[in-house]
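Coordinates from start16.cif are shown below (mmCIF, C-alpha atoms).
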data_protein
#
loop_
_atom_site.label_atom_id
_atom_site.label_comp_id
_atom_site.auth_asym_id
_atom_site.auth_seq_id
_atom_site.Cartn_x
_atom_site.Cartn_y
_atom_site.Cartn_z
CA MET A 1 -39.65 -32.22 -75.62
CA LYS A 2 -38.14 -34.84 -77.93
CA ILE A 3 -36.68 -33.37 -81.13
CA PHE A 4 -37.10 -35.20 -84.46
CA GLN A 5 -34.83 -34.74 -87.48
CA ASN A 6 -34.00 -31.14 -86.71
CA LYS A 7 -31.16 -31.04 -89.23
CA TYR A 8 -32.57 -29.04 -92.12
CA ASN A 9 -31.48 -25.54 -92.83
CA GLU A 10 -33.64 -24.59 -95.77
CA ILE A 11 -37.15 -23.22 -95.23
CA ASP A 12 -39.41 -22.80 -98.26
CA GLU A 13 -41.50 -19.67 -98.67
CA ILE A 14 -44.97 -20.33 -97.30
CA GLU A 15 -48.20 -18.61 -98.21
CA ASN A 16 -49.48 -16.19 -95.65
CA GLU A 17 -52.71 -17.77 -94.48
CA TYR A 18 -53.23 -21.13 -92.91
CA ASN A 19 -55.88 -23.41 -91.51
CA GLU A 20 -56.61 -24.41 -87.95
CA ILE A 21 -57.61 -27.91 -86.94
CA LEU A 22 -57.92 -29.72 -83.63
CA TYR A 23 -56.36 -33.14 -83.33
CA ASP A 24 -58.59 -36.02 -82.27
CA ASP A 25 -56.60 -38.63 -80.34
CA TYR A 26 -58.92 -41.62 -80.34
CA GLU A 27 -57.01 -43.28 -77.53
CA ARG A 28 -57.99 -40.38 -75.26
CA ASN A 29 -61.51 -40.42 -76.73
CA GLU A 30 -61.61 -36.64 -77.05
CA ILE A 31 -63.55 -34.95 -79.85
CA TYR A 32 -62.46 -31.63 -81.32
CA TYR A 33 -63.72 -29.28 -83.99
CA VAL A 34 -62.29 -27.72 -87.12
CA ASN A 35 -61.96 -23.95 -86.88
CA GLU A 36 -61.86 -21.21 -89.51
CA VAL A 37 -58.98 -20.10 -91.70
CA PHE A 38 -57.05 -17.20 -90.22
CA ASP A 39 -54.07 -15.00 -90.96
CA SER A 40 -50.66 -16.17 -89.75
CA GLU A 41 -48.61 -13.00 -90.13
CA ASN A 42 -47.77 -12.98 -86.46
CA GLU A 43 -46.57 -16.57 -86.39
CA ASN A 44 -42.88 -16.56 -85.59
CA GLU A 45 -41.89 -19.75 -87.34
CA ASP A 46 -38.31 -20.31 -88.45
CA LYS A 47 -35.88 -23.12 -88.92
CA ASP A 48 -35.10 -23.24 -85.18
CA ARG A 49 -38.67 -24.36 -84.55
CA LEU A 50 -38.59 -27.20 -87.05
CA ILE A 51 -38.88 -30.49 -85.16
CA PHE A 52 -39.76 -32.99 -87.89
CA LYS A 53 -39.50 -33.25 -91.65
CA SER A 54 -40.47 -36.08 -93.96
CA LYS A 55 -40.70 -36.44 -97.75
CA LYS A 56 -42.36 -39.08 -99.95
CA LEU A 57 -41.91 -40.01 -103.62
CA PRO A 58 -44.73 -41.85 -105.45
CA ILE A 59 -44.07 -45.28 -106.94
CA LYS A 60 -44.66 -44.01 -110.46
CA PHE A 61 -41.62 -41.71 -110.15
CA TRP A 62 -39.30 -44.28 -108.55
CA GLU A 63 -36.06 -45.20 -110.29
CA ASP A 64 -36.14 -48.37 -112.38
CA ASN A 65 -34.01 -50.32 -109.90
CA GLU A 66 -36.43 -49.44 -107.07
CA LYS A 67 -39.41 -50.57 -109.14
CA GLU A 68 -37.59 -53.77 -110.05
CA GLU A 69 -36.89 -54.52 -106.39
CA PHE A 70 -40.54 -53.90 -105.56
CA TYR A 71 -41.58 -56.09 -108.50
CA ASN A 72 -39.39 -58.93 -107.24
CA GLN A 73 -40.95 -58.64 -103.78
CA VAL A 74 -44.38 -59.00 -105.37
CA LYS A 75 -43.21 -62.06 -107.31
CA GLN A 76 -41.93 -63.65 -104.11
CA ASN A 77 -45.27 -63.00 -102.42
CA ILE A 78 -47.04 -64.58 -105.38
CA THR A 79 -44.79 -67.62 -105.17
CA LYS A 80 -45.69 -68.01 -101.50
CA SER A 81 -49.40 -67.51 -102.18
CA ASN A 82 -49.30 -70.09 -104.96
CA ASP A 83 -48.93 -72.70 -102.27
CA ASN A 84 -52.59 -71.92 -101.61
CA ASP A 85 -53.37 -71.86 -105.36
CA GLU A 86 -54.72 -68.30 -105.40
CA ILE A 87 -53.75 -64.65 -105.15
CA ILE A 88 -56.13 -62.62 -103.02
CA ASP A 89 -56.56 -58.89 -103.53
CA ILE A 90 -57.62 -56.87 -100.50
CA THR A 91 -61.07 -55.47 -101.28
CA ILE A 92 -64.13 -54.17 -99.47
CA ALA A 93 -67.80 -53.88 -100.36
CA SER A 94 -68.32 -51.89 -103.54
CA THR A 95 -71.60 -50.11 -102.75
CA ASN A 96 -71.08 -46.33 -102.80
CA PHE A 97 -67.34 -46.94 -102.85
CA THR A 98 -64.78 -44.15 -102.44
CA PHE A 99 -61.23 -44.10 -101.15
CA TYR A 100 -62.16 -40.95 -99.24
CA ASP A 101 -64.53 -42.86 -96.97
CA GLN A 102 -61.59 -44.95 -95.78
CA LEU A 103 -59.98 -41.89 -94.16
CA THR A 104 -60.38 -41.10 -90.46
CA SER A 105 -61.98 -37.83 -89.39
CA ASN A 106 -58.53 -36.31 -88.78
CA GLU A 107 -57.35 -37.42 -92.21
CA LYS A 108 -60.51 -36.11 -93.89
CA SER A 109 -60.02 -32.69 -92.28
CA LEU A 110 -56.49 -32.44 -93.65
CA TYR A 111 -57.51 -33.90 -97.02
CA ASP A 112 -60.33 -31.36 -97.40
CA ILE A 113 -57.96 -28.48 -96.67
CA ILE A 114 -55.35 -29.71 -99.16
CA LEU A 115 -57.94 -30.46 -101.86
CA LYS A 116 -59.58 -27.05 -101.53
CA ALA A 117 -56.22 -25.28 -101.78
CA SER A 118 -55.04 -27.42 -104.69
CA THR A 119 -58.13 -26.99 -106.84
CA LYS A 120 -58.11 -23.20 -106.86
CA GLU A 121 -57.68 -21.64 -110.30
CA VAL A 122 -54.17 -20.73 -109.20
CA PRO A 123 -53.40 -23.57 -106.80
CA LYS A 124 -51.51 -23.29 -103.56
CA VAL A 125 -48.36 -25.35 -103.37
CA ASN A 126 -47.55 -24.76 -99.68
CA ILE A 127 -50.35 -25.32 -97.18
CA LYS A 128 -50.02 -24.54 -93.50
CA VAL A 129 -52.23 -26.04 -90.79
CA LEU A 130 -52.31 -25.27 -87.07
CA VAL A 131 -52.99 -28.43 -85.06
CA LYS A 132 -54.24 -28.08 -81.49
CA GLY A 133 -54.54 -30.64 -78.73
CA VAL A 134 -51.39 -32.70 -79.30
CA THR A 135 -50.31 -34.03 -75.89
CA ASN A 136 -48.05 -36.83 -77.14
CA LEU A 137 -45.79 -35.43 -79.85
CA GLU A 138 -44.01 -38.67 -80.64
CA LYS A 139 -47.30 -40.48 -81.17
CA TYR A 140 -48.68 -37.61 -83.24
CA ILE A 141 -45.65 -37.64 -85.54
CA ALA A 142 -46.05 -41.38 -86.02
CA ASP A 143 -49.77 -40.85 -86.75
CA ILE A 144 -49.31 -37.97 -89.18
CA THR A 145 -46.57 -39.78 -91.10
CA ILE A 146 -48.95 -42.67 -91.79
CA SER A 147 -51.96 -40.41 -92.32
CA ALA A 148 -50.10 -38.24 -94.83
CA GLU A 149 -49.20 -41.24 -96.98
CA LYS A 150 -52.78 -42.44 -96.82
CA LEU A 151 -54.47 -39.14 -97.60
CA PHE A 152 -52.07 -38.33 -100.44
CA THR A 153 -52.67 -41.80 -101.88
CA VAL A 154 -56.40 -41.05 -101.85
CA LEU A 155 -55.83 -37.57 -103.28
CA VAL A 156 -53.81 -38.71 -106.30
CA TYR A 157 -55.95 -41.82 -106.88
CA GLU A 158 -59.21 -39.85 -106.97
CA HIS A 159 -58.08 -36.55 -108.51
CA PRO A 160 -56.02 -37.00 -111.70
CA GLU A 161 -56.45 -33.27 -112.43
CA LEU A 162 -53.90 -32.69 -109.64
CA TRP A 163 -51.21 -34.10 -111.95
CA TRP A 164 -48.51 -31.93 -110.37
CA ILE A 165 -48.99 -33.49 -106.93
CA GLY A 166 -46.94 -36.60 -106.39
CA ASN A 167 -44.00 -35.91 -104.18
CA TYR A 168 -44.96 -34.24 -100.93
CA GLN A 169 -43.17 -33.02 -97.84
CA ILE A 170 -44.50 -32.47 -94.33
CA SER A 171 -42.72 -30.20 -91.87
CA ILE A 172 -43.81 -29.82 -88.25
CA TYR A 173 -42.97 -26.74 -86.18
CA GLU A 174 -43.48 -25.98 -82.52
CA THR A 175 -45.41 -22.83 -81.54
CA ASP A 176 -45.57 -20.57 -78.49
CA ASP A 177 -48.67 -22.42 -77.26
CA ILE A 178 -48.31 -25.75 -75.50
CA ASN A 179 -49.70 -28.76 -77.39
CA ASN A 180 -50.10 -26.68 -80.57
CA TYR A 181 -48.03 -27.29 -83.69
CA THR A 182 -48.04 -26.07 -87.26
CA ILE A 183 -47.73 -28.49 -90.15
CA THR A 184 -46.67 -27.33 -93.56
CA PHE A 185 -47.57 -29.54 -96.52
CA ILE A 186 -45.23 -28.72 -99.40
CA LEU A 187 -46.67 -30.10 -102.62
CA LEU A 188 -43.71 -29.29 -104.85
CA PRO A 189 -40.74 -30.09 -102.61
CA GLU A 190 -37.18 -29.98 -103.83
CA GLY A 191 -36.60 -33.10 -105.88
CA SER A 192 -40.08 -33.08 -107.38
CA ILE A 193 -40.11 -33.39 -111.16
CA PHE A 194 -42.17 -30.18 -111.23
CA TYR A 195 -40.19 -28.36 -108.55
CA GLU A 196 -39.40 -25.41 -110.84
CA TYR A 197 -43.02 -24.88 -111.89
CA THR A 198 -44.69 -21.74 -110.56
CA LYS A 199 -48.34 -21.69 -109.54
CA ASP A 200 -49.10 -19.66 -112.65
CA LYS A 201 -47.38 -22.25 -114.82
CA ILE A 202 -49.52 -24.99 -113.28
CA SER A 203 -52.63 -22.89 -113.88
CA GLN A 204 -51.65 -22.37 -117.51
CA LEU A 205 -51.15 -26.11 -118.11
CA ASN A 206 -54.46 -26.82 -116.38
CA SER A 207 -56.15 -24.49 -118.86
CA GLU A 208 -54.67 -26.45 -121.76
CA ILE A 209 -55.99 -29.69 -120.26
CA LYS A 210 -59.46 -28.18 -119.82
CA ASN A 211 -59.50 -27.02 -123.43
CA ILE A 212 -58.90 -30.58 -124.66
CA LYS A 213 -61.47 -31.92 -122.20
CA ASN A 214 -64.07 -29.47 -123.52
CA GLU A 215 -63.35 -30.51 -127.11
CA ILE A 216 -63.90 -34.17 -126.21
CA ILE A 217 -67.14 -33.37 -124.39
CA TYR A 218 -68.30 -31.40 -127.42
CA GLN A 219 -67.65 -34.37 -129.70
CA ILE A 220 -69.50 -36.77 -127.41
CA ASP A 221 -72.44 -34.37 -127.32
CA TYR A 222 -72.28 -33.99 -131.11
CA LEU A 223 -72.45 -37.78 -131.52
CA LYS A 224 -75.46 -37.82 -129.17
CA LEU A 225 -74.01 -40.54 -126.98
CA LYS A 226 -76.17 -41.04 -123.90
CA TYR A 227 -75.34 -44.40 -122.36
CA PRO A 228 -72.32 -44.54 -120.05
CA TYR A 229 -71.21 -47.66 -121.93
CA SER A 230 -70.79 -45.86 -125.26
CA ILE A 231 -69.26 -42.78 -123.60
CA ILE A 232 -66.70 -45.01 -121.88
CA LYS A 233 -65.97 -46.79 -125.18
CA TYR A 234 -65.51 -43.51 -127.04
CA ILE A 235 -63.08 -42.19 -124.41
CA HIS A 236 -61.20 -45.51 -124.36
CA ASP A 237 -60.80 -45.47 -128.14
CA TYR A 238 -60.07 -41.73 -128.29
CA LEU A 239 -57.06 -42.18 -126.01
CA ILE A 240 -55.75 -45.14 -128.00
CA ILE A 241 -56.01 -43.16 -131.24
CA LYS A 242 -54.50 -39.96 -129.87
CA ILE A 243 -51.74 -41.24 -127.60
CA GLU A 244 -48.40 -42.53 -128.72
CA TYR A 245 -46.85 -44.80 -126.10
CA VAL A 246 -43.37 -43.35 -125.60
CA LEU A 247 -40.97 -44.46 -122.90
CA ASP A 248 -38.76 -41.36 -122.81
CA GLU A 249 -37.75 -40.46 -119.27
CA GLU A 250 -36.61 -37.01 -120.45
CA ARG A 251 -40.26 -36.01 -120.89
CA LYS A 252 -41.59 -34.29 -117.75
CA HIS A 253 -45.17 -35.33 -118.46
CA LEU A 254 -44.50 -38.93 -119.40
CA ARG A 255 -46.67 -40.06 -116.48
CA THR A 256 -49.31 -37.35 -116.24
CA LEU A 257 -52.70 -36.29 -117.50
CA TYR A 258 -51.04 -33.43 -119.40
CA GLY A 259 -48.74 -35.82 -121.26
CA ALA A 260 -51.73 -37.89 -122.34
CA LEU A 261 -54.21 -35.20 -123.38
CA VAL A 262 -52.05 -32.30 -124.54
CA GLU A 263 -48.73 -33.80 -125.64
CA ASN A 264 -50.29 -37.14 -126.66
CA LYS A 265 -47.15 -38.96 -125.53
CA CYS A 266 -47.06 -40.94 -122.29
CA VAL A 267 -46.93 -44.33 -120.60
CA CYS A 268 -49.52 -46.22 -118.54
CA GLU A 269 -50.01 -43.57 -115.84
CA GLY A 270 -50.94 -41.01 -118.47
CA TYR A 271 -53.47 -43.34 -120.11
CA ALA A 272 -55.10 -44.32 -116.81
CA GLU A 273 -55.26 -40.83 -115.34
CA ALA A 274 -56.57 -39.28 -118.55
CA PHE A 275 -59.24 -41.97 -118.80
CA GLN A 276 -60.29 -41.41 -115.19
CA TYR A 277 -60.37 -37.63 -115.61
CA LEU A 278 -62.56 -37.79 -118.71
CA VAL A 279 -65.12 -40.31 -117.49
CA GLN A 280 -65.43 -38.40 -114.22
CA GLN A 281 -66.85 -35.50 -116.24
CA TYR A 282 -69.94 -37.69 -116.73
CA GLY A 283 -70.30 -38.63 -113.07
CA ILE A 284 -68.91 -42.12 -113.71
CA ASN A 285 -67.09 -43.55 -110.72
CA CYS A 286 -63.59 -44.54 -111.79
CA LEU A 287 -60.46 -45.33 -109.78
CA ILE A 288 -56.76 -45.63 -110.34
CA ALA A 289 -55.45 -49.17 -109.83
CA ARG A 290 -51.74 -49.52 -109.16
CA SER A 291 -49.25 -52.39 -109.18
CA SER A 292 -45.50 -52.36 -108.70
CA THR A 293 -45.00 -51.75 -112.43
CA HIS A 294 -48.27 -50.58 -113.94
CA GLU A 295 -51.32 -48.35 -113.65
CA TRP A 296 -54.85 -48.95 -115.00
CA ASN A 297 -58.49 -48.39 -113.97
CA PHE A 298 -61.44 -49.87 -112.14
CA ILE A 299 -64.77 -48.45 -113.25
CA GLU A 300 -68.30 -48.72 -111.89
CA LEU A 301 -71.12 -49.48 -114.31
CA ASN A 302 -74.66 -50.37 -113.22
CA ASP A 303 -73.51 -50.66 -109.59
CA LYS A 304 -70.78 -53.19 -110.37
CA TRP A 305 -67.04 -52.76 -110.81
CA TYR A 306 -64.97 -53.83 -113.83
CA VAL A 307 -61.43 -53.58 -115.17
CA ILE A 308 -60.30 -51.26 -117.97
CA ASP A 309 -56.68 -51.09 -119.09
CA VAL A 310 -56.37 -48.59 -121.92
CA THR A 311 -52.59 -49.02 -122.16
CA PHE A 312 -52.86 -52.77 -122.75
CA ASP A 313 -55.54 -52.10 -125.38
CA ASP A 314 -53.05 -49.88 -127.27
CA PRO A 315 -50.48 -52.49 -128.33
CA LEU A 316 -47.54 -52.27 -130.69
CA LYS A 317 -48.30 -53.07 -134.31
CA ASN A 318 -45.72 -55.20 -136.12
CA GLY A 319 -43.35 -54.40 -133.29
CA GLN A 320 -43.69 -50.65 -133.79
CA THR A 321 -45.39 -47.88 -131.80
CA VAL A 322 -48.49 -46.66 -133.62
CA PRO A 323 -48.33 -42.89 -134.20
CA SER A 324 -50.90 -40.46 -132.82
CA GLY A 325 -53.98 -40.20 -135.03
CA SER A 326 -54.08 -43.85 -136.03
CA GLY A 327 -56.77 -46.22 -134.82
CA SER A 328 -55.39 -49.25 -136.60
CA ASN A 329 -54.40 -51.01 -133.38
CA ILE A 330 -57.47 -50.46 -131.17
CA LYS A 331 -58.17 -53.48 -128.99
CA SER A 332 -60.84 -54.16 -126.40
CA ASP A 333 -59.22 -57.12 -124.65
CA TYR A 334 -59.19 -55.17 -121.37
CA PHE A 335 -62.43 -53.27 -121.82
CA LEU A 336 -64.89 -53.81 -118.94
CA ILE A 337 -63.56 -57.24 -118.10
CA GLY A 338 -63.89 -59.24 -114.89
CA THR A 339 -61.18 -60.82 -112.80
CA GLU A 340 -61.81 -64.27 -114.30
CA HIS A 341 -61.38 -63.03 -117.87
CA SER A 342 -59.12 -65.47 -119.71
CA PHE A 343 -56.50 -64.70 -122.33
CA LYS A 344 -54.54 -67.18 -124.43
CA THR A 345 -52.05 -68.14 -121.76
CA THR A 346 -53.38 -66.73 -118.51
CA LYS A 347 -56.27 -64.92 -116.86
CA TYR A 348 -56.43 -61.37 -115.61
CA SER A 349 -56.20 -62.20 -111.90
CA ASP A 350 -52.94 -64.11 -112.46
CA GLU A 351 -51.11 -61.35 -114.34
CA ILE A 352 -48.31 -59.94 -112.22
CA ASP A 353 -48.68 -56.50 -113.82
CA HIS A 354 -52.18 -56.39 -112.32
CA ILE A 355 -51.34 -57.50 -108.77
CA LEU A 356 -52.50 -54.55 -106.68
CA THR A 357 -50.48 -52.43 -104.31
CA TYR A 358 -52.33 -50.47 -101.65
CA SER A 359 -50.40 -47.22 -101.47
CA ALA A 360 -49.20 -44.77 -104.11
CA TYR A 361 -45.93 -44.49 -102.19
CA SER A 362 -44.89 -47.82 -100.68
CA ASN A 363 -45.75 -51.48 -100.15
CA GLN A 364 -47.87 -50.59 -97.12
CA GLU A 365 -51.62 -51.20 -96.95
CA MET A 366 -53.09 -47.69 -96.96
CA VAL A 367 -56.28 -48.16 -98.98
CA TYR A 368 -58.52 -50.96 -100.19
CA TYR A 369 -60.29 -51.44 -103.49
CA PRO A 370 -63.90 -52.33 -104.33
CA ASN A 371 -64.87 -55.89 -105.14
CA ILE A 372 -64.38 -56.41 -108.86
CA GLU A 373 -66.82 -58.59 -110.78
CA LYS A 374 -65.54 -62.00 -111.83
CA ASN A 375 -67.35 -61.91 -115.17
CA ASP A 376 -67.07 -59.38 -117.99
CA TYR A 377 -69.68 -56.67 -118.47
CA ILE A 378 -72.38 -57.68 -120.94
CA PRO A 379 -73.82 -54.66 -122.77
CA SER A 380 -77.48 -54.47 -123.62
CA ASN A 381 -78.74 -54.36 -127.21
CA LEU A 382 -79.46 -50.64 -126.82
CA GLU A 383 -75.92 -49.99 -125.60
CA LEU A 384 -74.48 -51.89 -128.55
CA GLN A 385 -76.73 -50.05 -130.99
CA GLU A 386 -75.52 -46.69 -129.72
CA LEU A 387 -71.94 -47.65 -130.59
CA ASN A 388 -72.99 -47.30 -134.23
CA LEU A 389 -73.21 -43.54 -133.68
CA ILE A 390 -69.49 -43.30 -132.97
CA ASP A 391 -67.45 -41.72 -135.74
CA TYR A 392 -63.70 -41.70 -135.23
CA SER A 393 -62.91 -39.44 -138.18
CA ASN A 394 -62.98 -36.36 -135.96
CA ILE A 395 -60.25 -37.92 -133.78
CA THR A 396 -57.98 -39.02 -136.61
CA ASN A 397 -58.38 -35.60 -138.21
CA GLY A 398 -56.93 -33.96 -135.16
CA ILE A 399 -59.21 -32.80 -132.34
#
Can you give me the file's structure in the form of structure tokens?
Amino acid sequence: MKIFQNKYNEIDEIENEYNEILYDDYERNEIYYVNEVFDSENENEDKDRLIFKSKKLPIKFWEDNEKEEFYNQVKQNITKSNDNDEIIDITIASTNFTFYDQLTSNEKSLYDIILKASTKEVPKVNIKVLVKGVTNLEKYIADITISAEKLFTVLVYEHPELWWIGNYQISIYETDDINNYTITFILLPEGSIFYEYTKDKISQLNSEIKNIKNEIIYQIDYLKLKYPYSIIKYIHDYLIIKIEYVLDEERKHLRTLYGALVENKCVCEGYAEAFQYLVQQYGINCLIARSSTHEWNFIELNDKWYVIDVTFDDPLKNGQTVPSGSGSNIKSDYFLIGTEHSFKTTKYSDEIDHILTYSAYSNQEMVYYPNIEKNDYIPSNLELQELNLIDYSNITNGI
């Protein structure tokens, strides 16, 4: 048996139950089934059985020099593409679009296990899976390395409430049974910004987020907003009024949902993930869009996809950050626009900050986005009339 990266001495404490899944190697055209969760007390796993270990850090937590290098690569690619006079984003048909549907059956099985464990009231941070039917270990390790990056990209792009998941680590162990291996997914590996958080701490912060969410839902209900258009506009404006854009790397939640909704201090990731989280409460399909330097949203309205960038609609005023509670700088320049939307000096599709990447972790193509409309969304008269119901005084007064 070939041994991979068996040089780690530390073994994190793992929870006592794990999941069992059978690996489907498409090249052998064999189909397997997912089995039930069972107790792993008798598993004799230790560091001597560790055969592979890999860790990933999301782009949003990269160091500035790494982001700058990535940014320069994107610029070079744009320069090359300009020879053809256009920049082409990789997209697929937008009908019933989800990132999840881009996963293979193996990836969906692992994703479902991780999502179920992570969304418990007290989430699990170490998830163990028994994989059966692996006859080519080297190929499986190559497959799982790619699949992990893909499924975690989908997880963090579709579930902003899992704000504490970013970094992840996979560890593969041999077992007593031939062709069977255990994989441990560690969701708060050493080096994670939230490494010292306990599960109870995460649960506590989640409760604070939910409290704010419920207050916002109450206000939307109180205003009797019914159309998705006006609900989206209220949430867009709420975030601009409440959030103070603060680039302070000492803040743990600078780039999370918690930083946006509870602390009201964040950068683009906080805006985008808070916006996604809130509109999802109304069944509105909304995605995270990511470039080498920026994060924003794509949102589906009346079966078509548009751009929303709440961060760019919360500009400086007279060169100064606008404090929380002020709506004096609300813009709608990036509210439900299309890719051909023109600004004074450029158009949306030419802005380097909006050139898509296709993984949350690298420059690899892991996922694709829906087709975005070229033209801006045009609201109906009824949608525009409902905007008159919106009263921002409750936001500026401190909900």
Residues returned when the PyMOL selection byres ((chain A and resi 277) around 12) runs on this file, as JSON, numbers by chain: {"A": [156, 157, 158, 159, 160, 161, 162, 163, 209, 210, 212, 213, 214, 216, 217, 232, 235, 236, 239, 256, 257, 258, 260, 261, 269, 270, 271, 272, 273, 274, 275, 276, 278, 279, 280, 281, 282, 283, 284, 285, 286, 287, 288, 297, 299]}
Which residues come within 12 Å of A:Asp112, counting only C-alpha atoms, excluding same-chain residues fewer than 4 positions away, as a list in words?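 Returned residues: Asn19, Ile21, Val34, Tyr100, Leu103, Thr104, Ser105, Asn106, Glu107, Lys108, Lys116, Ala117, Ser118, Thr119, Ile127, Val129, Leu151, Phe152, Val154 and Leu155 of chain A.
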Measuring between all atoms listed in the file, which one of A:Thr98, A:Thr357, A:Asn394, A:Thr339 shows the shortest distance to A:Thr293? A:Thr357
From the options A:Asn371, A:Thr184, A:Ser171, A:Asn302, which residue's atoms come nearest to A:Pro228, counting all atoms listed in the file? A:Asn302
Report, in Å to a single decimal, how far apart atom CA of A:Gly338 and atom CA of A:Tyr306 are.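 Atom CA of A:Gly338 lies 5.6 Å from atom CA of A:Tyr306.
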Proximity to A:Leu188 - best of A:Ile395, A:Ile172, A:Ile355, A:Ile202, only C-alpha atoms: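 So, comparing all the options, the nearest one is A:Ile202.
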Evaluate the PyMOL selection byres ((chain A and resi 135) around 9) here and jot the selected residues down as a ChimeraX atom specification. /A:25,133-134,136-137,139-140,178-180
Counting only C-alpha atoms, which residue out of A:Tyr222, A:Gln73, A:Val267, A:Lys47 sits closest to A:Tyr173?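 Using only C-alpha atoms, A:Tyr173 sits closest to A:Lys47.
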Within-12 Å shell of (-48.4, -39.7, -89.9) in input frame, all atoms listed in the file, as a PyMOL selection string: chain A and resi 52-56+106-107+110+137-152+169-172+183+366
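Distance annotation: of A:Asp177, A:Glu215, A:Asp101, A:Asp200, the residue with the minimal separation from A:Tyr368 is A:Asp101; atom set is only C-alpha atoms.
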Considering all atoms listed in the file, state which residue in the set A:Glu249, A:Lys67, A:Leu130, A:Tyr168 is at the smallest distance from A:Ile113.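 Checking each of A:Glu249, A:Lys67, A:Leu130, A:Tyr168 against A:Ile113, counting all atoms listed in the file, the winner is A:Leu130.
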